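Next comes final31.txt, with compact mmCIF, C-alpha atoms.
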# COMPACT_ATOMS: atom_id res chain seq x y z
CA MET A 664 0.00 0.00 0.00
CA LEU A 665 1.23 3.45 -0.90
CA VAL A 666 1.11 5.99 1.91
CA LEU A 667 1.36 9.72 1.17
CA GLY A 668 1.41 12.67 3.58
CA ARG A 669 -0.87 15.55 2.56
CA LYS A 670 -1.71 18.92 4.07
CA LYS A 671 -5.03 20.75 3.97
CA GLY A 672 -5.71 21.96 0.43
CA GLU A 673 -3.33 19.47 -1.15
CA SER A 674 -4.53 16.68 -3.35
CA ILE A 675 -3.75 13.38 -5.00
CA ILE A 676 -4.28 12.42 -8.62
CA ILE A 677 -5.09 8.83 -9.56
CA ASP A 678 -4.93 7.67 -13.15
CA ASN A 679 -4.99 11.20 -14.65
CA ASP A 680 -8.66 11.90 -14.05
CA ILE A 681 -9.46 11.13 -10.41
CA GLU A 682 -8.54 13.81 -7.88
CA ILE A 683 -8.87 13.50 -4.12
CA ILE A 684 -8.52 16.77 -2.22
CA VAL A 685 -7.98 17.20 1.52
CA THR A 686 -10.49 19.98 2.19
CA ALA A 687 -10.39 20.12 6.00
CA ILE A 688 -8.69 18.52 8.99
CA GLU A 689 -10.56 18.66 12.31
CA GLY A 690 -9.08 16.56 15.10
CA ASP A 691 -9.10 12.94 13.98
CA THR A 692 -11.51 13.62 11.13
CA ILE A 693 -10.47 14.69 7.67
CA LYS A 694 -12.83 15.88 4.97
CA LEU A 695 -12.05 14.73 1.44
CA GLY A 696 -13.31 16.10 -1.84
CA PHE A 697 -13.48 13.93 -4.95
CA LYS A 698 -13.36 14.85 -8.59
CA ALA A 699 -13.86 11.89 -10.86
CA PRO A 700 -15.44 10.94 -14.19
CA LYS A 701 -19.16 10.20 -14.01
CA HIS A 702 -18.79 6.46 -14.35
CA ILE A 703 -16.76 6.22 -11.14
CA THR A 704 -18.94 5.48 -8.12
CA ILE A 705 -17.67 6.57 -4.73
CA HIS A 706 -18.99 5.22 -1.43
CA ARG A 707 -17.98 5.15 2.20
CA LYS A 708 -16.55 1.67 2.55
CA GLU A 709 -18.62 0.64 5.57
CA ILE A 710 -21.86 1.43 3.72
CA TYR A 711 -20.70 -0.55 0.71
CA LEU A 712 -19.79 -3.51 2.94
CA GLU A 713 -23.16 -3.35 4.70
CA ILE A 714 -24.97 -3.40 1.37
CA GLN A 715 -22.87 -6.33 0.16
CA GLU A 716 -23.75 -8.22 3.34
CA GLU A 717 -27.43 -7.31 3.08
CA ASN A 718 -27.52 -8.52 -0.54
CA LYS A 719 -26.02 -11.83 0.53
CA GLN A 720 -28.74 -12.25 3.13
CA ALA A 721 -31.42 -11.39 0.60
CA THR A 722 -30.42 -14.47 -1.40
CA SER A 723 -30.58 -16.91 1.48
CA ASN A 724 -33.97 -16.43 3.02
CA VAL A 725 -34.68 -19.22 5.41
CA ILE A 726 -38.25 -18.19 6.17
CA ASN A 727 -41.32 -19.77 4.68
CA LEU A 728 -41.80 -17.88 1.45
CA SER A 729 -45.42 -18.83 1.18
CA ASP A 730 -46.17 -16.45 4.07
CA PHE A 731 -45.00 -13.63 1.86
CA LEU A 732 -46.56 -14.90 -1.29
CA ASN A 733 -50.01 -15.14 0.24
CA MET A 734 -49.98 -11.42 0.87
CA LYS A 735 -51.88 -9.32 -1.61
CA LYS A 736 -50.90 -5.88 -2.79
CA MET B 15 -32.98 -19.58 -24.10
CA LYS B 16 -32.98 -22.15 -21.29
CA ILE B 17 -31.29 -21.57 -17.96
CA GLN B 18 -30.75 -23.73 -14.89
CA THR B 19 -31.74 -22.38 -11.49
CA THR B 20 -31.60 -23.86 -8.03
CA ARG B 21 -34.98 -22.48 -6.95
CA PHE B 22 -37.00 -22.83 -10.14
CA GLY B 23 -35.26 -25.68 -11.93
CA GLU B 24 -34.94 -25.21 -15.68
CA LEU B 25 -36.42 -21.97 -16.98
CA GLU B 26 -37.25 -21.12 -20.56
CA LEU B 27 -37.07 -17.39 -21.16
CA ALA B 28 -37.03 -14.91 -24.00
CA ASP B 29 -33.66 -13.31 -24.74
CA SER B 30 -35.41 -9.93 -24.50
CA SER B 31 -36.26 -10.54 -20.83
CA VAL B 32 -32.59 -10.63 -19.80
CA ILE B 33 -31.65 -7.67 -17.62
CA THR B 34 -27.99 -6.65 -17.61
CA PHE B 35 -26.35 -5.26 -14.48
CA ASN B 36 -23.10 -3.99 -16.01
CA LYS B 37 -21.40 -3.68 -12.63
CA GLY B 38 -23.08 -6.69 -11.12
CA ILE B 39 -24.67 -6.28 -7.69
CA PRO B 40 -22.46 -5.59 -4.63
CA GLY B 41 -21.38 -8.96 -3.24
CA PHE B 42 -22.16 -10.60 -6.61
CA GLU B 43 -20.02 -8.60 -9.00
CA GLU B 44 -19.36 -11.65 -11.17
CA SER B 45 -23.04 -12.10 -12.07
CA LYS B 46 -24.24 -9.55 -14.62
CA LYS B 47 -27.29 -11.15 -16.24
CA TYR B 48 -30.60 -11.60 -14.48
CA VAL B 49 -34.25 -12.26 -15.13
CA LEU B 50 -37.08 -10.80 -13.05
CA ILE B 51 -39.75 -13.28 -12.00
CA PRO B 52 -42.96 -12.14 -10.25
CA ALA B 53 -43.45 -14.19 -7.11
CA ASP B 54 -46.91 -15.14 -8.26
CA ASP B 55 -48.18 -15.62 -11.79
CA LYS B 56 -51.21 -13.41 -11.39
CA GLY B 57 -49.10 -10.44 -10.29
CA GLU B 58 -51.11 -10.11 -7.08
CA THR B 59 -48.20 -9.90 -4.69
CA PRO B 60 -45.67 -7.09 -4.57
CA PHE B 61 -42.82 -9.63 -4.36
CA PHE B 62 -40.36 -10.68 -7.06
CA PHE B 63 -37.33 -12.87 -7.56
CA LEU B 64 -34.32 -11.60 -9.44
CA GLN B 65 -32.72 -14.77 -10.70
CA SER B 66 -29.12 -14.79 -11.90
CA ILE B 67 -28.57 -16.33 -15.29
CA ASP B 68 -24.81 -16.64 -14.72
CA ILE B 69 -24.96 -18.39 -11.33
CA GLU B 70 -27.85 -20.77 -10.88
CA GLU B 71 -28.09 -20.60 -7.09
CA VAL B 72 -28.15 -16.79 -6.91
CA ASN B 73 -31.54 -15.18 -6.67
CA PHE B 74 -32.65 -12.15 -4.73
CA PHE B 75 -36.00 -11.83 -3.02
CA LEU B 76 -37.36 -8.36 -3.85
CA VAL B 77 -40.36 -6.21 -3.04
CA ASP B 78 -42.01 -3.23 -4.65
CA PRO B 79 -41.17 -0.75 -1.83
CA PHE B 80 -44.05 1.58 -2.71
CA SER B 81 -46.52 -1.14 -1.72
CA PHE B 82 -45.31 -0.83 1.86
CA PHE B 83 -43.92 2.70 2.03
CA LYS B 84 -46.19 5.11 0.22
CA GLU B 85 -43.94 8.01 1.10
CA TYR B 86 -40.80 6.35 -0.26
CA ASP B 87 -39.15 8.78 -2.59
CA ILE B 88 -35.95 8.40 -4.55
CA LYS B 89 -34.12 10.81 -6.76
CA LEU B 90 -31.79 9.58 -9.47
CA ASN B 91 -28.86 11.82 -10.26
CA ASP B 92 -27.68 12.50 -13.80
CA GLN B 93 -25.02 9.79 -13.67
CA MET B 94 -27.56 7.15 -12.71
CA VAL B 95 -29.99 8.25 -15.43
CA GLU B 96 -27.14 8.15 -17.94
CA LYS B 97 -25.88 4.73 -16.87
CA LEU B 98 -29.34 3.24 -17.02
CA GLU B 99 -30.12 5.04 -20.31
CA LEU B 100 -33.42 6.20 -18.83
CA GLU B 101 -35.47 8.39 -21.12
CA SER B 102 -38.68 8.53 -19.13
CA PRO B 103 -39.43 8.05 -15.42
CA THR B 104 -42.02 5.44 -16.38
CA ASP B 105 -39.24 3.22 -17.72
CA ALA B 106 -37.75 2.87 -14.24
CA LEU B 107 -38.77 -0.01 -12.04
CA VAL B 108 -37.74 0.30 -8.38
CA LEU B 109 -37.36 -2.79 -6.20
CA THR B 110 -35.70 -3.42 -2.83
CA THR B 111 -34.17 -6.58 -1.37
CA VAL B 112 -35.95 -8.42 1.44
CA THR B 113 -34.24 -10.34 4.21
CA ALA B 114 -35.74 -12.32 7.06
CA LYS B 115 -33.69 -14.49 9.33
CA GLY B 116 -36.42 -15.48 11.72
CA GLU B 117 -40.13 -14.93 11.53
CA ILE B 118 -41.88 -13.16 8.71
CA LYS B 119 -42.88 -10.30 11.03
CA ASP B 120 -39.17 -9.47 11.46
CA ALA B 121 -38.51 -9.18 7.72
CA THR B 122 -36.60 -6.10 6.64
CA THR B 123 -36.05 -4.39 3.33
CA ASN B 124 -33.14 -2.29 2.14
CA LEU B 125 -34.54 1.14 1.36
CA LYS B 126 -31.04 2.64 1.41
CA ALA B 127 -29.89 0.75 -1.69
CA PRO B 128 -32.75 0.08 -4.13
CA LEU B 129 -32.34 -1.78 -7.40
CA ILE B 130 -33.35 0.35 -10.37
CA ILE B 131 -34.25 -1.41 -13.61
CA ASN B 132 -34.85 0.27 -16.95
CA ASN B 133 -37.54 -2.04 -18.21
CA THR B 134 -37.32 -0.73 -21.75
CA LYS B 135 -33.56 -1.09 -22.22
CA GLN B 136 -33.30 -4.01 -19.78
CA LEU B 137 -30.51 -2.39 -17.77
CA GLY B 138 -30.22 -2.50 -14.00
CA MET B 139 -28.10 -1.21 -11.15
CA GLN B 140 -28.18 -1.02 -7.40
CA ILE B 141 -27.84 2.55 -6.21
CA VAL B 142 -27.04 3.96 -2.77
CA LEU B 143 -29.20 6.85 -1.60
CA ASP B 144 -27.61 9.66 0.40
CA SER B 145 -30.72 10.19 2.48
CA LYS B 146 -30.31 9.32 6.16
CA ASP B 147 -34.05 8.64 6.35
CA TYR B 148 -33.74 5.30 4.60
CA LEU B 149 -32.36 2.27 6.40
CA ILE B 150 -30.54 -0.79 5.10
CA LYS B 151 -32.69 -2.80 7.51
CA GLN B 152 -36.08 -1.14 7.40
CA PRO B 153 -38.68 -3.37 9.12
CA LEU B 154 -41.22 -4.26 6.48
CA PHE B 155 -44.25 -4.65 8.72
CA GLN B 156 -43.67 -2.44 11.75
CA HIS B 157 -43.26 0.95 10.16
CA SER B 158 -46.90 1.95 10.56
CA GLU B 159 -46.83 1.29 14.33
CA LYS B 160 -43.69 3.36 14.68
CA ALA B 161 -45.20 6.21 12.72
CA VAL B 162 -48.14 6.21 15.10
CA ALA B 163 -45.85 6.09 18.14
CA ARG B 164 -43.96 9.12 16.89
CA GLN B 165 -47.09 11.20 16.74
CA VAL B 166 -47.98 10.48 20.39

As structure tokens, the full file:
Amino acid sequence: MLVLGRKKGESIIIDNDIEIIVTAIEGDTIKLGFKAPKHITIHRKEIYLEIQEENKQATSNVINLSDFLNMKK
Amino acid sequence: MKIQTTRFGELELADSSVITFNKGIPGFEESKKYVLIPADDKGETPFFFLQSIDIEEVNFFLVDPFSFFKEYDIKLNDQMVEKLELESPTDALVLTTVTAKGEIKDATTNLKAPLIINNTKQLGMQIVLDSKDYLIKQPLFQHSEKAVARQV
């Protein structure tokens, strides 16, 4: 893993067209700005991991499906 | 075309019914092709299966979130509209995954990350909403009680 030191206002360029800017540093929290092409999706990792996990659970329902299927709109 | 599935056995389906998720679905990035199957033939339930064509045992249990959450409201940004090639809001089908580990009354649905399907172009993606109002584990059946409790 590459580790770079950056100060407030400085930035990092990845692959020519993705820029990550350190916009603020407050205690142990830093705020980052992102400039990237539209097709790049950016998420907080923990949210992405939660959604991955939730999707996995949505494929392995152990409940009786007929309970659901008997429900009308 | 014919596909093999763990839940439904062999399925015969029209090529035109294949929905492509170009980026896959988080946790299942390797599966890009799916078919949407209503949970009941008559279309009387709001539930669906999204069956993978690439991996026979993968299928998601989905619900039409508007059937349970009338106030559910999502906004697609320009990138999402572009990726899904959406030309009209009526082309977009919104569905959310359902999970239930125990009893049916404890079932939850993921309102934070709905699946959006362009049912004209047959393109789909799972998006993540910024709104803090929508939970990854939103109880499917208890929301009305909570809403009442809040008013008290």

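Reported to one decimal place, the separation of atom CA of B:Leu129 from atom CA of B:Ser81 is 15.3 Å.
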
Legend entry - Non-local contacts of stretch 700-711 of chain A (8 Å; all atoms listed in the file; under 6 positions in same chain excluded) as a VMD selection string: (chain A and resid 680 to 681) or (chain B and resid 40 93 97)

Inset, instruction - Pull out every residue of chain B sitting within 9 Å of chain A, counting only C-alpha atoms, and send them as a PyMOL selection string. - result: chain B and resi 39-42+53-54+57-61+71-76+81-82+92-94+97+111-118+123-124+126-127+142+150-151

Write a file of the selected residues as a PDB file, keeping the file's coordinate frame, keeping C-alpha atoms.
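File produced: out_16.pdb:
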ATOM      1  CA  ILE B  39     -24.670  -6.280  -7.690  1.00  0.00           C
ATOM      2  CA  PRO B  40     -22.460  -5.590  -4.630  1.00  0.00           C
ATOM      3  CA  GLY B  41     -21.380  -8.960  -3.240  1.00  0.00           C
ATOM      4  CA  PHE B  42     -22.160 -10.600  -6.610  1.00  0.00           C
ATOM      5  CA  ALA B  53     -43.450 -14.190  -7.110  1.00  0.00           C
ATOM      6  CA  ASP B  54     -46.910 -15.140  -8.260  1.00  0.00           C
ATOM      7  CA  GLY B  57     -49.100 -10.440 -10.290  1.00  0.00           C
ATOM      8  CA  GLU B  58     -51.110 -10.110  -7.080  1.00  0.00           C
ATOM      9  CA  THR B  59     -48.200  -9.900  -4.690  1.00  0.00           C
ATOM     10  CA  PRO B  60     -45.670  -7.090  -4.570  1.00  0.00           C
ATOM     11  CA  PHE B  61     -42.820  -9.630  -4.360  1.00  0.00           C
ATOM     12  CA  GLU B  71     -28.090 -20.600  -7.090  1.00  0.00           C
ATOM     13  CA  VAL B  72     -28.150 -16.790  -6.910  1.00  0.00           C
ATOM     14  CA  ASN B  73     -31.540 -15.180  -6.670  1.00  0.00           C
ATOM     15  CA  PHE B  74     -32.650 -12.150  -4.730  1.00  0.00           C
ATOM     16  CA  PHE B  75     -36.000 -11.830  -3.020  1.00  0.00           C
ATOM     17  CA  LEU B  76     -37.360  -8.360  -3.850  1.00  0.00           C
ATOM     18  CA  SER B  81     -46.520  -1.140  -1.720  1.00  0.00           C
ATOM     19  CA  PHE B  82     -45.310  -0.830   1.860  1.00  0.00           C
ATOM     20  CA  ASP B  92     -27.680  12.500 -13.800  1.00  0.00           C
ATOM     21  CA  GLN B  93     -25.020   9.790 -13.670  1.00  0.00           C
ATOM     22  CA  MET B  94     -27.560   7.150 -12.710  1.00  0.00           C
ATOM     23  CA  LYS B  97     -25.880   4.730 -16.870  1.00  0.00           C
ATOM     24  CA  THR B 111     -34.170  -6.580  -1.370  1.00  0.00           C
ATOM     25  CA  VAL B 112     -35.950  -8.420   1.440  1.00  0.00           C
ATOM     26  CA  THR B 113     -34.240 -10.340   4.210  1.00  0.00           C
ATOM     27  CA  ALA B 114     -35.740 -12.320   7.060  1.00  0.00           C
ATOM     28  CA  LYS B 115     -33.690 -14.490   9.330  1.00  0.00           C
ATOM     29  CA  GLY B 116     -36.420 -15.480  11.720  1.00  0.00           C
ATOM     30  CA  GLU B 117     -40.130 -14.930  11.530  1.00  0.00           C
ATOM     31  CA  ILE B 118     -41.880 -13.160   8.710  1.00  0.00           C
ATOM     32  CA  THR B 123     -36.050  -4.390   3.330  1.00  0.00           C
ATOM     33  CA  ASN B 124     -33.140  -2.290   2.140  1.00  0.00           C
ATOM     34  CA  LYS B 126     -31.040   2.640   1.410  1.00  0.00           C
ATOM     35  CA  ALA B 127     -29.890   0.750  -1.690  1.00  0.00           C
ATOM     36  CA  VAL B 142     -27.040   3.960  -2.770  1.00  0.00           C
ATOM     37  CA  ILE B 150     -30.540  -0.790   5.100  1.00  0.00           C
ATOM     38  CA  LYS B 151     -32.690  -2.800   7.510  1.00  0.00           C
TER      39      LYS B 151
END

Legend entry - Selection near A:Val685, 8 Å with all atoms listed in the file, sequence-local residues under 6 positions removed, as a list in words: Arg669, Lys670, Lys671, Gly672, Glu673, Ser674, Ile693, Lys694, Leu695 and Gly696 of chain A

Legend entry - Å distance separating atom CA of B:Leu25 from atom CA of B:Gln136, one decimal place: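 That distance, rounded to one decimal, is 18.4 Å.
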
Centre and edges of the stretch 708-711 of chain A box, axis-aligned, 5 Å extra per side, as AutoDock Vina command-line options:
--center_x -19.2 --center_y 0.6 --center_z 3.1 --size_x 15.3 --size_y 12.2 --size_z 14.9

Inset, instruction - Fewer than 4 positions away in the same chain doesn't count, so skip those; otherwise give me all residues within 7 Å of B:Pro153, counting all atoms listed in the file, as a PyMOL selection string. - result: chain B and resi 120-123+157

Legend entry - Point-to-point distance in Å for atom CA of B:Val49 and atom CA of B:Val32: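 For atom CA of B:Val32 relative to atom CA of B:Val49, the distance reads 5.2 Å.
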
Inset, instruction - Tell me which protein, DNA and RNA residues are within 8 Å of B:Ile51, counting only C-alpha atoms, leaving out same-chain ones fewer than 6 positions away, and put them as a list in words. - result: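 After dropping sequence-adjacent residues, the list is Phe62, Phe63, Leu64 and Gln65 of chain B.
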
Inset, instruction - Dig up all the protein and nucleic acid residues within 7 Å of (-26.0, -10.8, -19.2) in the file frame, using all atoms listed in the file, and format them as a ChimeraX atom specification. - result: /B:32-34,46-48

Inset, instruction - Rank B:Phe80, B:Ile130, B:Glu85, B:Asn36 by their smallest atom-to-atom distance to B:Leu100, using all atoms listed in the file, and report the top residue only. - result: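 Closest to B:Leu100 of all the choices is B:Ile130.
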
Legend entry - Test item: which residues lie within 10 Å of (-30.8, -22.1, -23.2) counting only C-alpha atoms, as a ChimeraX atom specification: /B:15-18,24-29

Inset, instruction - May I ask which of the residues B:Glu101, B:Glu70, B:Glu44, B:Asp55 is the closest one to B:Phe22, counting all atoms listed in the file? - result: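 Checking each of B:Glu101, B:Glu70, B:Glu44, B:Asp55 against B:Phe22, counting all atoms listed in the file, the winner is B:Glu70.
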
Can you put all heavy atoms back into stretch 34-45 of chain B and show it as a compact mmCIF listing (two decimals), in the frame of the given file?
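Saved to result-v3.txt:
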# COMPACT_ATOMS: atom_id res chain seq x y z
N THR B 34 -29.44 -6.70 -17.82
CA THR B 34 -27.99 -6.65 -17.61
C THR B 34 -27.65 -5.65 -16.52
O THR B 34 -28.03 -4.49 -16.57
CB THR B 34 -27.29 -6.24 -18.92
OG1 THR B 34 -27.65 -7.18 -19.94
CG2 THR B 34 -25.77 -6.26 -18.75
N PHE B 35 -26.94 -6.12 -15.51
CA PHE B 35 -26.35 -5.26 -14.48
C PHE B 35 -24.86 -5.16 -14.83
O PHE B 35 -24.10 -6.07 -14.53
CB PHE B 35 -26.54 -5.86 -13.09
CG PHE B 35 -27.92 -5.71 -12.53
CD1 PHE B 35 -28.99 -6.41 -13.07
CD2 PHE B 35 -28.16 -4.86 -11.46
CE1 PHE B 35 -30.28 -6.26 -12.55
CE2 PHE B 35 -29.44 -4.70 -10.94
CZ PHE B 35 -30.50 -5.41 -11.48
N ASN B 36 -24.47 -4.08 -15.49
CA ASN B 36 -23.10 -3.99 -16.01
C ASN B 36 -22.04 -4.10 -14.93
O ASN B 36 -20.95 -4.61 -15.17
CB ASN B 36 -22.92 -2.69 -16.79
CG ASN B 36 -23.51 -2.80 -18.18
OD1 ASN B 36 -23.30 -3.80 -18.87
ND2 ASN B 36 -24.27 -1.80 -18.59
N LYS B 37 -22.37 -3.62 -13.73
CA LYS B 37 -21.40 -3.68 -12.63
C LYS B 37 -21.71 -4.83 -11.68
O LYS B 37 -21.14 -4.90 -10.59
CB LYS B 37 -21.42 -2.36 -11.86
CG LYS B 37 -21.01 -1.16 -12.70
CD LYS B 37 -19.84 -0.44 -12.08
CE LYS B 37 -19.19 0.47 -13.10
NZ LYS B 37 -18.09 1.23 -12.54
N GLY B 38 -22.65 -5.67 -12.05
CA GLY B 38 -23.08 -6.69 -11.12
C GLY B 38 -23.86 -6.05 -9.98
O GLY B 38 -24.32 -4.92 -10.10
N ILE B 39 -23.98 -6.77 -8.88
CA ILE B 39 -24.67 -6.28 -7.69
C ILE B 39 -23.68 -6.47 -6.54
O ILE B 39 -23.05 -7.53 -6.48
CB ILE B 39 -25.97 -7.10 -7.48
CG1 ILE B 39 -26.99 -6.74 -8.59
CG2 ILE B 39 -26.57 -6.85 -6.10
CD1 ILE B 39 -28.24 -7.58 -8.60
N PRO B 40 -23.49 -5.46 -5.68
CA PRO B 40 -22.46 -5.59 -4.63
C PRO B 40 -22.55 -6.93 -3.89
O PRO B 40 -23.61 -7.32 -3.42
CB PRO B 40 -22.74 -4.40 -3.71
CG PRO B 40 -23.28 -3.37 -4.66
CD PRO B 40 -24.13 -4.14 -5.64
N GLY B 41 -21.42 -7.62 -3.83
CA GLY B 41 -21.38 -8.96 -3.24
C GLY B 41 -21.49 -10.04 -4.31
O GLY B 41 -21.13 -11.19 -4.07
N PHE B 42 -21.97 -9.65 -5.51
CA PHE B 42 -22.16 -10.60 -6.61
C PHE B 42 -21.69 -9.97 -7.92
O PHE B 42 -22.38 -10.01 -8.93
CB PHE B 42 -23.65 -11.00 -6.71
CG PHE B 42 -24.15 -11.63 -5.46
CD1 PHE B 42 -24.64 -10.85 -4.43
CD2 PHE B 42 -24.09 -13.00 -5.28
CE1 PHE B 42 -25.07 -11.42 -3.24
CE2 PHE B 42 -24.51 -13.58 -4.10
CZ PHE B 42 -25.01 -12.79 -3.08
N GLU B 43 -20.52 -9.38 -7.86
CA GLU B 43 -20.02 -8.60 -9.00
C GLU B 43 -19.83 -9.46 -10.25
O GLU B 43 -19.84 -8.96 -11.36
CB GLU B 43 -18.70 -7.92 -8.64
CG GLU B 43 -18.83 -6.75 -7.66
CD GLU B 43 -19.02 -7.15 -6.20
OE1 GLU B 43 -19.01 -8.37 -5.89
OE2 GLU B 43 -19.18 -6.24 -5.37
N GLU B 44 -19.65 -10.77 -10.04
CA GLU B 44 -19.36 -11.65 -11.17
C GLU B 44 -20.62 -12.05 -11.94
O GLU B 44 -20.53 -12.61 -13.02
CB GLU B 44 -18.60 -12.90 -10.69
CG GLU B 44 -19.38 -13.83 -9.78
CD GLU B 44 -19.54 -13.35 -8.33
OE1 GLU B 44 -19.19 -12.20 -7.99
OE2 GLU B 44 -20.03 -14.15 -7.53
N SER B 45 -21.79 -11.76 -11.38
CA SER B 45 -23.04 -12.10 -12.07
C SER B 45 -23.67 -10.84 -12.65
O SER B 45 -24.06 -9.95 -11.91
CB SER B 45 -24.00 -12.78 -11.08
OG SER B 45 -25.22 -13.05 -11.74
